[in-house]
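Peer 1: The structure is given below, and queries will be raised subsequently.
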2 protein chains.
Amino acid sequence: MSRTTSAIEPSALGIEPARPGHVYLLGGGPGDPGLLTMRAAALLQTADLVAYDRLSPAEVLALVPADAERICVGKTVGRPGWDQDDIGQLLVNEARLGKAVVRLKGGDPFVFGRGGEEAIACREAGVPVTVVSGVTSAVAAPAAAGIPVTHRGVATGVAFVTGHEDPSKPESQMDWDALARFPGTLVFLMGVGNVGRIAGMLIANGRGPDTPAALVRWGTTSEQEVLAADLVSIADEVRRTGFASPAAIVVGDVVSLRDVIGDVAPLAGDPAPAEPLLSTLSL
Amino acid sequence: MSRTTSAIEPSALGIEPARPGHVYLLGGGPGDPGLLTMRAAALLQTADLVAYDRLSPAEVLALVPADAERICVGKTVGRPGWDQDDIGQLLVNEARLGKAVVRLKGGDPFVFGRGGEEAIACREAGVPVTVVSGVTSAVAAPAAAGIPVTHRGVATGVAFVTGHEDPSKPESQMDWDALARFPGTLVFLMGVGNVGRIAGMLIANGRGPDTPAALVRWGTTSEQEVLAADLVSIADEVRRTGFASPAAIVVGDVVSLRDVIGDVAPLAGDPAPAEPLLSTLSL
């Protein structure tokens, strides 16, 4: 009964190539290149210019034509990244030159991806823009570690929250009381450095110290690592093990289901930053 | 500069075919067949048996080999669906016969998909199981309507909640006070029939009556429809227009961004139930 995969023609799924003069905001998925959508793959194949983040998987970038421009607009330690206005301007300017422009983002463009700001920049400039949703790591990273973010009788809701707030805001506008009382699973993205504060504020506002919690680093990739502990001790465990970003923090009883479900994803791809593909456009 | 798409070989992305004796829980995405992941496509191509829901897009089911079994385990009006234990038993039994078994679910398996229960059924039976996360309609349906579920300065978090609760539970265990106070966007799935109660409880617990709200029906597909109104009047608008399921309900200031961003998804595919593909397995 063994079968083999065969090549998939994007047009069979009604997918059109990228259009000149158009901007596409693509979700690149959580890390496993297999979790790229068919539509995103076809748009990468037909892009003239791809602006990508530092964590974009190399296998995904390999879909881009050899003669297309690739620009890394992400931040690297010790090297300043592009600011958001510059990225919006880049997308607009290049589309106006008649290029098919793809903005490749990790996860989903609208789940903490600042895709809304880029869509607005295009709209305000009169440049046509298309959004292609992706698999968010807020769901897929816990899933790969055997943690369903919702589960009947355990969690009938799930909330995604940024682990760090907008630094331009006054000190903590986060409503910790409401977050602690949210009736379901909490997933914090990009908050490993804040895990002590997150856990402390949740406990201070009523979540039980023994609430199961887990961090999933490089979720869905071959480098995936999982750290699980009670909410009260998770920050100590992070310090003790040197567990580092990028990771999703999951808080809630669903974390215990990992003991039954276990690792359930085909971990794939190399999450290492695609550093060899540096900007081909001078600033 | 116009380029054409070319066929994509799943093995180029490190994707392996479905294995005999194994169960795969796949997210089929929100409706647009282009939002299927590469990994899900390759597994459908190499399945011996596919158990699918009533809303699975026909283009997605068309990837399944002609000689593979297709079983619709979803509910249809006037016809009883399979219960969850029966579905779990089906997956286990068929995998034990040595088949490569795919369970195709709408959206993501772990976002209200009851994938956790099916994963546990497999684990308890000693049958190997893999979860392939998908694009959830809780993000993609609002996105297609120009609504980013998070947006800097507007919503730093988003919560997904089921619009109907487990009927086996005593009347409303929903903590409406905590939900109303959640610091971010609320997305209710499968709750069109409850929209009056949802809006009323949110307002009674402190959300402003003028909070922007929207329903997105058949999001990402060619049949997409959007209804937007203030929270206080959304239920009346649903009644007046006869707006029906399936739809995601979005509540929060991000809904206003639709006025700037507009429709941004390539609406594709026919969301009509794949009824011609009835069960080929007798019960």
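Ordered as shown in the structure tokens, chains take letters A, B, and onward, while each chain numbers its residues from 1 and ligands are numbered from 1 in the order shown.
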Pick out each residue of stretch 61-179 of chain A that DSSP on the backbone tags as helix (DSSP H, G or I); I need them as a VMD selection string.

Peer 2: chain A and resid 61 84 to 96 115 to 124 137 to 144 176 to 179

Peer 1: May I have the residues within 12 Å of A:His22 as a count of residues only, using only C-alpha atoms and disregarding those fewer than 4 positions away in the same chain?

Peer 2: 32

Peer 1: With only C-alpha atoms as the basis for distance, which of B:Ile234, B:Ala228, B:Leu13, B:Ala247 is at the shortest distance from B:Ile198?

Peer 2: B:Ile234

Peer 1: Please return as number ranges by chain: the residues of stretch 205-247 of chain B that backbone DSSP assigns to strand (DSSP E).

Peer 2: B: 212-217, 225-230, 247

Peer 1: Could you check the closest approach to A:Ala235 for each of A:Thr220, A:Asn194, A:Asn205, A:Gln45 and tell me which residue wins, using only C-alpha atoms?

Peer 2: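 When distances to A:Ala235 are compared using only C-alpha atoms, the smallest one comes from A:Asn194.
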